[in-house]
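> First, the structure itself, so that you have it in front of you.
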Protein chains: 2
Amino acid sequence: MTANAPTPAYTDLEARFLRLYRFEHLGSIVGWDQAANMPSGGNEARAAAMAELDGLLHAQRTDPALAALLRQAEAESLSDWQRANLREMRRDWLAANALPAALVERRTLATARCEHAWRRQRPANDWAGFVENFRPVVQIAREEAMHLAEATGLMPYDALMDRFEPGMTSAEVDRVFGDLKTWLPDLIQRVQARQQAEQPVLRPAGPFAQAQQKALSLRVMQFLDFNFEGGRLDESTHPFSGGVPEDVRLTTRYAADDLMSSLMGTVHETGHARYEQGLPREWLGQPIARARSYGLHESQSLSFEMQLGAHPGFVAQLVPLMVEQFGPQPAFTAENLTRLATRVEPGLIRVDADEVTYPAHVILRFEIERALIEGQIEVDDIPALWDEKMAAYLGRDTRGDYRNGPMQDVHWPSGSFGYFPCYTLGAMYAAQWFATMRSQMPDLDERIAAGDLNPVFDWLKDHIWRQGARWETPELTRRASGEALNPAHFRAHLEGRYLGR
Amino acid sequence: MTANAPTPAYTDLEARFLRLYRFEHLGSIVGWDQAANMPSGGNEARAAAMAELDGLLHAQRTDPALAALLRQAEAESLSDWQRANLREMRRDWLAANALPAALVERRTLATARCEHAWRRQRPANDWAGFVENFRPVVQIAREEAMHLAEATGLMPYDALMDRFEPGMTSAEVDRVFGDLKTWLPDLIQRVQARQQAEQPVLRPAGPFAQAQQKALSLRVMQFLDFNFEGGRLDESTHPFSGGVPEDVRLTTRYAADDLMSSLMGTVHETGHARYEQGLPREWLGQPIARARSYGLHESQSLSFEMQLGAHPGFVAQLVPLMVEQFGPQPAFTAENLTRLATRVEPGLIRVDADEVTYPAHVILRFEIERALIEGQIEVDDIPALWDEKMAAYLGRDTRGDYRNGPMQDVHWPSGSFGYFPCYTLGAMYAAQWFATMRSQMPDLDERIAAGDLNPVFDWLKDHIWRQGARWETPELTRRASGEALNPAHFRAHLEGRYLGR
């Protein structure tokens with residue numbers, strides 16, 4: 001900050017947030033290392049080092065000087081981008097300062113205990129044991145929601161969701177999920193009936209050597225225009241995209257008998273990675289250059305994995321790359337692989353769900369967790385509600401199967417209420433982006449089928465990636481597609497792809 | 001720190017140094033990542049993040065409260081280990097506080113400029129251009145030496161060397177290097193004459209696939225009892241051992257036509273790594289649990305690479321591992337590989353030098369840099385001195401060849417005066433450790449030849465690794481071997497191995 005800057009408070013804030021960004025860089029890289037490289041013996045020292053960094057970041061974010069600077073900067077003469085950056089600084093500040101320290105400590109202890117026990121209790125189907133630890137987690141989340149609601153002026157559940165999807169409200173989620181519920185269960189049944197009448201899909205026959213799977217993943221990342229000067233591919237138990245925008249570290253995992261798992265994992269994570277690589281370079285280091293939201297992030301991974309990854313024209317481009325690595329086999333045809341990528345099967349487990357049934361898993365969780373946070377139901381009411389909604393939305397009986405029912409996700413034991421909607425919002429955004437692209441570029445599908453993905457990448461770069469956190473999500477959606485989030489696009493996408501309409 | 005601790009100042013210091021240790025953990029891991037993984041595009045953001053961390057560490061080390069705490073702790077009732085830890089805390093504090101901030105800044109700028117230009121100037125053999133940047137580096141190093149001398153009570157050059165080899169003086173180096181100089185040039189000539197009369201050595205015939213070279217390195221690390229729960233092997237341009245004691249990251253590099261290069265690189269770095277893995281666990285996080293010195297560290301890598309790595313009984317153990325990976329070939333006999341590992345050839349380049357000629361490179365540099373720091377010579381005097389000493393010690397003519405003469409090492413352009421002696425001190429320590437082991441375990445060589453390395457590891461663990469920084473180097477040497485550093489052991493080792501005495 002220069003002494004005679006025309007915007008002294010704002011300039012000071014930029015310097016402080018840049019410092020945070022640089023310290024967070026260290027955390028991102030050692031976090032990636034922890035998942036991708038670290039031997040088990042390094043765990044304790046690593047956890048201590050990361051906790052020390054977290055403490056430093058928290059101290060910097062709760063420095064009392066920040067509140068005054070944020071106030072003073074409001075009165076300074078700022079550009080539009082600077083003002084939006086200031087809004088995002090305030091959001092960052094709020095997240096660190098809205099909760100009493102005692103509540104944060106209680107939350108840390110309660111979620112650590114609940115999540116730790118859950119790792120044993122889930123395989124043991126021990127619902128009774130689980131609720132003992134889960135009740136305090138819910139109680140604390142309710143208090144947290146009250147505090148955040150007070151600080152933001154939002155409804156309690158909305159205040160939790162706002163941490164992941166800024167600007168999104170449960171009224172808006174109700175509107176779009178309400179629409180989905182009117183047609184999704186019926187669509188699932190019709191797609192299933194249609195697919196049962198078709199001839200069986202061929203699964204690629206393994207084993208597939210890991211080195212060749214990796215070579216294929218790298219080749220596909222190249223096709224997806226991943227910038228290898230600014231990132232790399234590694235392996236981890238759970239695929240993720242981490243690192244920093246200047247050096248994105250994505251991972252996949254390899255199963256000898258399942259080629260599609262590593263390949264589609266890579267395509268999904270490359271979507272996340274290109275969002276990060278495409279964030280506005282000139283603003284990197286400032287909150288405005290962060291990805292907008294978790295839902296938007298998911299819209300990028302699903303644009304790659306679902307919109308492109310199950311697109312017949314795109315799949316046809318993958319076939320020669322697969323043959324190049326593994327030689328020809330009957331399963332390696334565009335038609336068969338597309339059908340494999342679009343198999344629909346209502347199941348119990350969200351993370352294994354296909355594109356069509358996935359939203360049902362999310363809607364069910366959203367409805368339960370919102371009622372739980374708002375106090376309309378208690379923890380003991382969850383299993384009956386779960387069973388009822390699984391029967392209604394997916395026609396599956398889950399009674400007594402807590403392990404594959406309400407105990408299946410880490411989100412609740414870890415206290416991440418308000419996150420689930422992001423998954424389906426992401427799928428809906430992705431469908432809306434592609435509908436917009438098609439209306440602007442009528443030959444889009446021909447160009448994809450010809451192996452030219454630039455129209456897709458250029459559109460996403462301009463409308464999503466380079467916008468960073470410039471706009472709140474509803475405004476970004478309107479600017480990108482000319483309208484608010486509209487479930488009709490997702491419906492048209494699913495009906496077009498799965499019912500041939 | 002508890003309010004009623006009997007040693008409140010010391011307890012506070014332990015907490016502060018533990019915090020430093022945890023922040024340094026982050027720097028070590030991202031530093032390793034930078035060398036082993038990072039794509040080029042990540043460099044700028046990484047450098048900024050590491051500089052931010054350096055600034056934080058420096059601020060913590062120069063906190064004015066530390067000086068008072070160090071004083072107060074002196075008067076507290078401490079155990080022997082605590083008192084030694086306090087001594088090492090003071091050493092750490094001194095390194096961060098002895099120099100005026102303005103001098104540190106000038107040094108950073110001058111060495112960065114000199115090293116950066118040197119990377120172009122060396123290949124261009126541009127001595128005249130180099131000295132322009134090197135003169136200020138030397139001037140600043142002289143000032144630095146004066147400041148450190150004042151703070152430590154040592155002679156100026158000794159004060160620089162003390163940063164790397166605590167407790168070592170140039171008088172002591174003179175004593176041992178002076179001894180070497182009386183017999184080394186003659187020994188080099190006799191070994192050469194002897195080897196020229198032998199039949200030629202066979203080089204293993206490649207190409208050697210990288211995956212198999214890595215498999216061999218991992219197998220040899222296992223044989224060397226590296227703890228894979230607390231570390232891993234990767235690849236980098238320059239092999240090194242980094243990471244943290246709880247998670248040691250060592251690297252090697254692979255050349256398709258040179259199997260021995262990756263293998264011996266791995267053996268060398270595994271020596272460094274086992275020292276780190278063997279540091280006193282219960283003290284990790286405190287300065288006393290650090291490796292004692294650079295010379296001691298080198299004594300461990302050379303115990304592995306030279307004492308073991310060129311030991312016929314050890315080499316015989318490697319042969320089946322090599323055959324396992326690459327099949328049999330004429331070069332893969334213990335006798336031939338031992339002769340390959342003990343080839344002596346006076347050359348121009350220190351890092352390519354064999355065990356016998358290496359000390360000559362180091363003595364030459366020590367004599368020149370000490371005279372330079374003490375002001376007995378100036379930068380312009382270096383080439384003539386270099387030529388004269390190369391002729392005297394190694395019989396090589398280097399006139400006009402600055403690139404392969406005084407410009408060959410990064411140490412001088414980067415201002416690391418006082419480091420070079422560590423290499424040869426390390427070789428001498430290693431010889432002394434093995435002489436001591438043999439006197440205590442007369443069957444040592446038979447056990448090594450039988451593939452039982454535990455006597456070596458147990459001895460090093462007890463006498464070196466677990467001692468950490470408990471003693472200053474001369475005291476550690478006396479305790480480990482019963483006498484001061486004695487060049488007779490190194491001489492006996494070389495004469496035994498190379499002249500068959």
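Numbering starts fresh at 1 for the residues of each chain in the structure tokens, the chains themselves are lettered A, B, ... in the order given, and ligands are numbered from 1 as they appear.
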When you look at Pro474 in chain A with a cut-off of 7 Å (counting only C-alpha atoms), what residues show up, excluding the ones that are within fewer than 3 positions of it in the same chain? I need them as a VMD selection string.

chain A and resid 167 477 to 478 484

> If you count only C-alpha atoms, which residues fall within 9 Å of Thr111 in chain B, apart from same-chain ones fewer than 3 positions away, as a count of residues only?

14

> Residues of chain B within 6 Å of chain A, using only C-alpha atoms, as an NGL selection string?

:B and (22 or 39-42 or 49 or 229-230 or 246-247)

> Between CA of Asp174 in chain A and CA of Ile188 in chain A, what distance in Å does the model show, to one decimal?

20.3 Å

> I'd like the neighbourhood of Tyr498 in chain A as a list in words, where a residue qualifies if any of its atoms comes within 10 Å (using only C-alpha atoms), though same-chain residues fewer than 4 positions away should be ignored.

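Counting only C-alpha atoms, the residues come to Leu187, Ile188, Arg190, Val191, Gln192, Arg194, Gln195, Arg339, Thr342, Arg343, Val344, Val356, Ala492, His493 and Leu494 of chain A.
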
> Write out the residues from the selection above, keeping all heavy atoms, as a tab-separated table (two decimals), in the first residue's frame.


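Once everything was written out, this is again-v1.tsv:
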```tsv
chain	number	residue	atom	x	y	z
A	187	LEU	N	-39.82	-40.06	-15.76
A	187	LEU	CA	-38.76	-40.18	-16.76
A	187	LEU	C	-37.86	-41.38	-16.47
A	187	LEU	O	-37.52	-42.16	-17.37
A	187	LEU	CB	-37.92	-38.89	-16.79
A	187	LEU	CG	-36.71	-38.89	-17.73
A	187	LEU	CD1	-37.16	-38.87	-19.19
A	187	LEU	CD2	-35.78	-37.73	-17.45
A	188	ILE	N	-37.52	-41.54	-15.20
A	188	ILE	CA	-36.66	-42.67	-14.82
A	188	ILE	C	-37.29	-43.99	-15.26
A	188	ILE	O	-36.64	-44.86	-15.86
A	188	ILE	CB	-36.39	-42.67	-13.29
A	188	ILE	CG1	-35.53	-41.45	-12.90
A	188	ILE	CG2	-35.72	-43.96	-12.84
A	188	ILE	CD1	-35.42	-41.20	-11.40
A	190	ARG	N	-39.54	-44.52	-17.59
A	190	ARG	CA	-39.64	-44.68	-19.05
A	190	ARG	C	-38.27	-45.01	-19.65
A	190	ARG	O	-38.18	-45.83	-20.57
A	190	ARG	CB	-40.24	-43.44	-19.69
A	190	ARG	CG	-41.68	-43.38	-19.22
A	190	ARG	CD	-42.65	-42.40	-19.79
A	190	ARG	NE	-42.33	-41.67	-20.96
A	190	ARG	CZ	-42.46	-40.33	-21.03
A	190	ARG	NH1	-42.85	-39.64	-19.95
A	190	ARG	NH2	-42.25	-39.72	-22.16
A	191	VAL	N	-37.22	-44.37	-19.11
A	191	VAL	CA	-35.88	-44.66	-19.63
A	191	VAL	C	-35.52	-46.11	-19.35
A	191	VAL	O	-35.01	-46.84	-20.21
A	191	VAL	CB	-34.83	-43.72	-19.01
A	191	VAL	CG1	-33.42	-44.14	-19.42
A	191	VAL	CG2	-35.09	-42.28	-19.40
A	192	GLN	N	-35.85	-46.55	-18.14
A	192	GLN	CA	-35.54	-47.95	-17.79
A	192	GLN	C	-36.26	-48.93	-18.71
A	192	GLN	O	-35.67	-49.90	-19.18
A	192	GLN	CB	-35.96	-48.22	-16.36
A	192	GLN	CG	-34.90	-47.84	-15.35
A	192	GLN	CD	-35.25	-48.42	-14.01
A	192	GLN	OE1	-36.12	-47.87	-13.32
A	192	GLN	NE2	-34.63	-49.53	-13.66
A	194	ARG	N	-37.31	-48.45	-21.67
A	194	ARG	CA	-36.73	-48.36	-23.01
A	194	ARG	C	-35.38	-49.10	-23.08
A	194	ARG	O	-35.14	-49.85	-24.04
A	194	ARG	CB	-36.53	-46.87	-23.33
A	194	ARG	CG	-35.99	-46.57	-24.70
A	194	ARG	CD	-35.81	-45.06	-24.82
A	194	ARG	NE	-34.79	-44.73	-25.81
A	194	ARG	CZ	-35.06	-44.10	-26.95
A	194	ARG	NH1	-36.29	-43.72	-27.23
A	194	ARG	NH2	-34.09	-43.85	-27.81
A	195	GLN	N	-34.56	-48.92	-22.05
A	195	GLN	CA	-33.23	-49.56	-22.09
A	195	GLN	C	-33.33	-51.08	-21.91
A	195	GLN	O	-32.51	-51.82	-22.45
A	195	GLN	CB	-32.32	-48.94	-21.02
A	195	GLN	CG	-31.98	-47.48	-21.34
A	195	GLN	CD	-30.88	-46.91	-20.47
A	195	GLN	OE1	-30.56	-47.46	-19.42
A	195	GLN	NE2	-30.31	-45.79	-20.90
A	339	ARG	N	-23.71	-45.87	-25.18
A	339	ARG	CA	-24.77	-46.56	-24.44
A	339	ARG	C	-24.29	-46.93	-23.02
A	339	ARG	O	-25.04	-46.84	-22.06
A	339	ARG	CB	-25.24	-47.80	-25.21
A	339	ARG	CG	-26.10	-47.42	-26.43
A	339	ARG	CD	-26.53	-48.66	-27.20
A	339	ARG	NE	-27.24	-49.59	-26.34
A	339	ARG	CZ	-27.15	-50.91	-26.43
A	339	ARG	NH1	-26.38	-51.46	-27.36
A	339	ARG	NH2	-27.83	-51.68	-25.61
A	342	THR	N	-24.53	-44.07	-20.73
A	342	THR	CA	-25.88	-43.55	-20.48
A	342	THR	C	-26.81	-44.62	-19.91
A	342	THR	O	-28.03	-44.52	-20.01
A	342	THR	CB	-26.49	-42.99	-21.80
A	342	THR	OG1	-26.39	-43.99	-22.83
A	342	THR	CG2	-25.78	-41.72	-22.23
A	343	ARG	N	-26.22	-45.66	-19.31
A	343	ARG	CA	-27.04	-46.68	-18.65
A	343	ARG	C	-27.72	-46.07	-17.43
A	343	ARG	O	-27.08	-45.40	-16.62
A	343	ARG	CB	-26.18	-47.86	-18.18
A	343	ARG	CG	-25.70	-48.77	-19.26
A	343	ARG	CD	-26.78	-49.50	-19.98
A	343	ARG	NE	-27.51	-50.44	-19.10
A	343	ARG	CZ	-28.62	-51.07	-19.44
A	343	ARG	NH1	-29.17	-50.85	-20.64
A	343	ARG	NH2	-29.20	-51.90	-18.60
A	344	VAL	N	-29.01	-46.35	-17.27
A	344	VAL	CA	-29.77	-45.81	-16.13
A	344	VAL	C	-30.25	-46.97	-15.24
A	344	VAL	O	-30.81	-47.95	-15.75
A	344	VAL	CB	-30.97	-44.97	-16.62
A	344	VAL	CG1	-31.86	-44.57	-15.44
A	344	VAL	CG2	-30.47	-43.74	-17.36
A	356	VAL	N	-29.35	-39.59	-14.72
A	356	VAL	CA	-30.80	-39.42	-14.64
A	356	VAL	C	-31.32	-39.61	-13.21
A	356	VAL	O	-32.20	-38.86	-12.76
A	356	VAL	CB	-31.51	-40.41	-15.61
A	356	VAL	CG1	-33.03	-40.26	-15.51
A	356	VAL	CG2	-31.05	-40.18	-17.04
A	492	ALA	N	-35.01	-31.08	-21.04
A	492	ALA	CA	-34.85	-31.29	-22.49
A	492	ALA	C	-33.59	-32.11	-22.78
A	492	ALA	O	-33.60	-32.99	-23.66
A	492	ALA	CB	-34.78	-29.94	-23.20
A	493	HIS	N	-32.53	-31.82	-22.01
A	493	HIS	CA	-31.28	-32.59	-22.20
A	493	HIS	C	-31.52	-34.07	-21.91
A	493	HIS	O	-31.15	-34.95	-22.71
A	493	HIS	CB	-30.20	-32.03	-21.27
A	493	HIS	CG	-29.06	-32.98	-21.03
A	493	HIS	ND1	-28.18	-33.35	-22.02
A	493	HIS	CD2	-28.67	-33.66	-19.90
A	493	HIS	CE1	-27.30	-34.21	-21.52
A	493	HIS	NE2	-27.57	-34.40	-20.25
A	494	LEU	N	-32.16	-34.37	-20.77
A	494	LEU	CA	-32.37	-35.78	-20.40
A	494	LEU	C	-33.34	-36.45	-21.37
A	494	LEU	O	-33.10	-37.59	-21.81
A	494	LEU	CB	-32.90	-35.87	-18.96
A	494	LEU	CG	-31.93	-35.43	-17.86
A	494	LEU	CD1	-32.59	-35.63	-16.48
A	494	LEU	CD2	-30.60	-36.20	-17.92
```

> Near Met146 in chain A, within 12 Å and counting only C-alpha atoms, which residues show up once chain neighbours fewer than 2 positions away are dropped, as a PyMOL selection string?

chain A and resi 98-100+103+139-144+148-160+373-375

> Just write the chosen residues, N, CA and C atoms, as an mmCIF file, in the first residue's frame.


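Resulting contents of out.cif:
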```
data_model
loop_
_atom_site.group_PDB
_atom_site.id
_atom_site.type_symbol
_atom_site.label_atom_id
_atom_site.label_comp_id
_atom_site.auth_asym_id
_atom_site.auth_seq_id
_atom_site.Cartn_x
_atom_site.Cartn_y
_atom_site.Cartn_z
ATOM 1 N N ALA A 98 -18.121 -14.604 11.535
ATOM 2 C CA ALA A 98 -19.530 -14.598 11.936
ATOM 3 C C ALA A 98 -19.791 -15.510 13.127
ATOM 4 N N LEU A 99 -18.950 -16.491 13.341
ATOM 5 C CA LEU A 99 -19.229 -17.475 14.384
ATOM 6 C C LEU A 99 -18.373 -17.225 15.623
ATOM 7 N N PRO A 100 -18.975 -17.338 16.806
ATOM 8 C CA PRO A 100 -18.181 -17.216 18.035
ATOM 9 C C PRO A 100 -17.110 -18.322 18.084
ATOM 10 N N LEU A 103 -18.135 -21.630 19.502
ATOM 11 C CA LEU A 103 -18.974 -22.466 18.639
ATOM 12 C C LEU A 103 -18.106 -23.199 17.610
ATOM 13 N N GLN A 139 -27.340 -30.129 16.303
ATOM 14 C CA GLN A 139 -27.612 -29.019 17.215
ATOM 15 C C GLN A 139 -26.665 -27.843 16.931
ATOM 16 N N ILE A 140 -25.405 -28.155 16.753
ATOM 17 C CA ILE A 140 -24.410 -27.106 16.492
ATOM 18 C C ILE A 140 -24.640 -26.462 15.130
ATOM 19 N N ALA A 141 -25.029 -27.273 14.148
ATOM 20 C CA ALA A 141 -25.307 -26.714 12.816
ATOM 21 C C ALA A 141 -26.500 -25.762 12.868
ATOM 22 N N ARG A 142 -27.466 -26.081 13.709
ATOM 23 C CA ARG A 142 -28.607 -25.166 13.852
ATOM 24 C C ARG A 142 -28.151 -23.835 14.454
ATOM 25 N N GLU A 143 -27.307 -23.911 15.463
ATOM 26 C CA GLU A 143 -26.789 -22.671 16.062
ATOM 27 C C GLU A 143 -25.979 -21.882 15.043
ATOM 28 N N GLU A 144 -25.150 -22.637 14.295
ATOM 29 C CA GLU A 144 -24.326 -22.014 13.258
ATOM 30 C C GLU A 144 -25.229 -21.299 12.251
ATOM 31 N N LEU A 148 -25.181 -17.355 11.267
ATOM 32 C CA LEU A 148 -24.938 -16.922 9.886
ATOM 33 C C LEU A 148 -26.152 -16.176 9.338
ATOM 34 N N ALA A 149 -27.349 -16.624 9.730
ATOM 35 C CA ALA A 149 -28.571 -15.943 9.277
ATOM 36 C C ALA A 149 -28.588 -14.506 9.792
ATOM 37 N N GLU A 150 -28.193 -14.365 11.045
ATOM 38 C CA GLU A 150 -28.169 -13.027 11.628
ATOM 39 C C GLU A 150 -27.161 -12.138 10.891
ATOM 40 N N ALA A 151 -26.009 -12.707 10.568
ATOM 41 C CA ALA A 151 -24.950 -11.914 9.927
ATOM 42 C C ALA A 151 -25.284 -11.575 8.484
ATOM 43 N N THR A 152 -26.041 -12.453 7.811
ATOM 44 C CA THR A 152 -26.269 -12.264 6.374
ATOM 45 C C THR A 152 -27.663 -11.762 6.053
ATOM 46 N N GLY A 153 -28.605 -11.892 6.998
ATOM 47 C CA GLY A 153 -29.992 -11.538 6.712
ATOM 48 C C GLY A 153 -30.734 -12.614 5.944
ATOM 49 N N LEU A 154 -30.100 -13.795 5.780
ATOM 50 C CA LEU A 154 -30.748 -14.895 5.059
ATOM 51 C C LEU A 154 -31.518 -15.771 6.037
ATOM 52 N N MET A 155 -32.349 -16.687 5.495
ATOM 53 C CA MET A 155 -32.988 -17.712 6.313
ATOM 54 C C MET A 155 -31.879 -18.672 6.800
ATOM 55 N N PRO A 156 -32.117 -19.352 7.923
ATOM 56 C CA PRO A 156 -31.045 -20.195 8.488
ATOM 57 C C PRO A 156 -30.448 -21.212 7.502
ATOM 58 N N TYR A 157 -31.291 -22.042 6.871
ATOM 59 C CA TYR A 157 -30.725 -23.038 5.952
ATOM 60 C C TYR A 157 -30.044 -22.355 4.766
ATOM 61 N N ASP A 158 -30.646 -21.268 4.297
ATOM 62 C CA ASP A 158 -30.056 -20.535 3.173
ATOM 63 C C ASP A 158 -28.680 -19.994 3.536
ATOM 64 N N ALA A 159 -28.530 -19.610 4.789
ATOM 65 C CA ALA A 159 -27.242 -19.068 5.228
ATOM 66 C C ALA A 159 -26.166 -20.154 5.188
ATOM 67 N N LEU A 160 -26.549 -21.409 5.482
ATOM 68 C CA LEU A 160 -25.582 -22.505 5.357
ATOM 69 C C LEU A 160 -25.247 -22.757 3.890
ATOM 70 N N ILE A 373 -32.449 -28.711 9.752
ATOM 71 C CA ILE A 373 -31.863 -27.442 10.198
ATOM 72 C C ILE A 373 -32.955 -26.507 10.706
ATOM 73 N N GLU A 374 -34.104 -26.504 10.046
ATOM 74 C CA GLU A 374 -35.189 -25.609 10.451
ATOM 75 C C GLU A 374 -35.965 -26.131 11.652
ATOM 76 N N GLY A 375 -35.609 -27.335 12.119
ATOM 77 C CA GLY A 375 -36.237 -27.864 13.325
ATOM 78 C C GLY A 375 -37.601 -28.485 13.095
#
```

> Extract the full set of alpha helix (DSSP H) residues from range 153-277 of chain A according to DSSP on the backbone, and format it as a ChimeraX atom specification.

/A:156-161,170-196,210-223,259-277

> Have a look at A:Gln376, A:Gln222, A:Gln34, A:Gln467 and name the one nearest to Glu235 in chain A; count only C-alpha atoms.

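So, comparing all the options, the nearest one is A:Gln34.
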
> List the neighbours of range 431-434 of chain A out to 7 Å using only C-alpha atoms; skip same-chain residues closer than 6 positions along the sequence, and give me the result as a list of chain:residue names.

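Contacts, with the query itself left out: A:Ser481, A:His489, A:Phe490, A:His493.
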
> Here is a test: counting only C-alpha atoms, which residue of B:Ala291, B:Leu425, B:Leu13, B:Leu394 is nearest to Leu279 in chain B?

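Ranking B:Ala291, B:Leu425, B:Leu13, B:Leu394 by distance to Leu279 in chain B, first place goes to B:Ala291.
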
> At a cut-off of 10 Å, using only C-alpha atoms, what residues contact Leu318 in chain A? Leave out same-chain residues fewer than 3 positions from it and give the result as a list in words.

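So the residues in contact are Leu216, Arg219, Val220, Phe223, Leu263, Gly309, Pro312, Gly313, Phe314, Val315, Leu321, Met322, Val323, Glu324, Phe332, Thr333, Ala334, Leu337 and Gly451 of chain A.
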
> Go ahead and save the residues from that selection, with N, CA, C and O atoms, as a short mmCIF file (atom, residue, chain, number, x, y, z; two decimals), in the first residue's frame.


```cif
data_model
loop_
_atom_site.label_atom_id
_atom_site.label_comp_id
_atom_site.auth_asym_id
_atom_site.auth_seq_id
_atom_site.Cartn_x
_atom_site.Cartn_y
_atom_site.Cartn_z
N LEU A 216 -3.63 -43.06 -21.58
CA LEU A 216 -4.91 -42.69 -22.18
C LEU A 216 -5.48 -41.44 -21.51
O LEU A 216 -5.95 -40.51 -22.19
N ARG A 219 -3.66 -38.45 -22.70
CA ARG A 219 -4.02 -38.15 -24.09
C ARG A 219 -5.37 -37.44 -24.15
O ARG A 219 -5.55 -36.48 -24.91
N VAL A 220 -6.31 -37.89 -23.31
CA VAL A 220 -7.64 -37.28 -23.30
C VAL A 220 -7.58 -35.87 -22.68
O VAL A 220 -8.24 -34.95 -23.14
N PHE A 223 -6.53 -33.66 -25.36
CA PHE A 223 -7.68 -33.40 -26.24
C PHE A 223 -8.60 -32.36 -25.61
O PHE A 223 -9.19 -31.52 -26.29
N LEU A 263 -10.94 -43.24 -16.76
CA LEU A 263 -11.10 -42.32 -17.89
C LEU A 263 -12.13 -41.24 -17.57
O LEU A 263 -11.89 -40.04 -17.76
N GLY A 309 -18.90 -35.99 -22.18
CA GLY A 309 -18.43 -37.37 -21.99
C GLY A 309 -19.41 -38.44 -22.47
O GLY A 309 -18.98 -39.56 -22.79
N PRO A 312 -22.37 -38.62 -28.20
CA PRO A 312 -21.89 -39.61 -29.17
C PRO A 312 -20.73 -39.09 -30.02
O PRO A 312 -19.79 -39.84 -30.33
N GLY A 313 -20.80 -37.80 -30.38
CA GLY A 313 -19.74 -37.23 -31.21
C GLY A 313 -18.42 -37.16 -30.47
O GLY A 313 -17.35 -37.37 -31.05
N PHE A 314 -18.48 -36.88 -29.18
CA PHE A 314 -17.27 -36.82 -28.37
C PHE A 314 -16.73 -38.23 -28.14
O PHE A 314 -15.53 -38.49 -28.29
N VAL A 315 -17.63 -39.16 -27.79
CA VAL A 315 -17.21 -40.54 -27.54
C VAL A 315 -16.51 -41.12 -28.77
O VAL A 315 -15.52 -41.85 -28.64
N LEU A 321 -8.34 -43.32 -29.51
CA LEU A 321 -7.35 -43.20 -28.42
C LEU A 321 -7.33 -44.46 -27.57
O LEU A 321 -6.26 -44.90 -27.10
N MET A 322 -8.49 -45.06 -27.38
CA MET A 322 -8.57 -46.29 -26.60
C MET A 322 -7.93 -47.44 -27.39
O MET A 322 -7.20 -48.27 -26.82
N VAL A 323 -8.23 -47.49 -28.67
CA VAL A 323 -7.65 -48.55 -29.51
C VAL A 323 -6.13 -48.41 -29.55
O VAL A 323 -5.40 -49.41 -29.51
N GLU A 324 -5.67 -47.18 -29.62
CA GLU A 324 -4.23 -46.91 -29.65
C GLU A 324 -3.53 -47.53 -28.44
O GLU A 324 -2.44 -48.09 -28.55
N PHE A 332 -15.26 -51.39 -28.03
CA PHE A 332 -14.71 -50.08 -28.43
C PHE A 332 -15.36 -49.55 -29.69
O PHE A 332 -14.70 -49.38 -30.73
N THR A 333 -16.66 -49.30 -29.62
CA THR A 333 -17.32 -48.57 -30.70
C THR A 333 -18.02 -47.38 -30.06
O THR A 333 -18.40 -47.42 -28.88
N ALA A 334 -18.17 -46.33 -30.84
CA ALA A 334 -18.80 -45.12 -30.31
C ALA A 334 -20.21 -45.43 -29.83
O ALA A 334 -20.64 -44.97 -28.77
N LEU A 337 -20.03 -47.52 -26.48
CA LEU A 337 -19.50 -46.75 -25.35
C LEU A 337 -20.48 -45.64 -24.94
O LEU A 337 -20.60 -45.31 -23.75
N GLY A 451 -14.51 -33.38 -33.69
CA GLY A 451 -13.34 -33.30 -32.80
C GLY A 451 -12.92 -31.88 -32.49
O GLY A 451 -11.84 -31.65 -31.94
#
```

> Extract the full set of strand (DSSP E) residues from range 149-334 of chain B according to DSSP on the backbone, and format it as a PyMOL selection string.

chain B and resi 231-235+241-244+247-252

> CA of Pro204 in chain B to CA of Met221 in chain B: how many Å, to one decimal?

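Separation between CA of Pro204 in chain B and CA of Met221 in chain B: 20.6 Å.
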
> Quick one: pull the distance between CA of Met407 in chain B and CA of Ser236 in chain B, Å, one decimal.

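One can read the CA of Met407 in chain B to CA of Ser236 in chain B distance as 23.4 Å.
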
> Got a sec: who's within 9 Å of Asp354 in chain A, counting only C-alpha atoms, leaving out chain neighbours fewer than 3 positions off, as a PyMOL selection string?

chain A and resi 341-347+350-351+357-358

> Which is closest to Trp32 in chain B among B:Phe326, B:Phe240, B:Trp386, B:Tyr275, if we use only C-alpha atoms?

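Closest candidate: B:Phe240.
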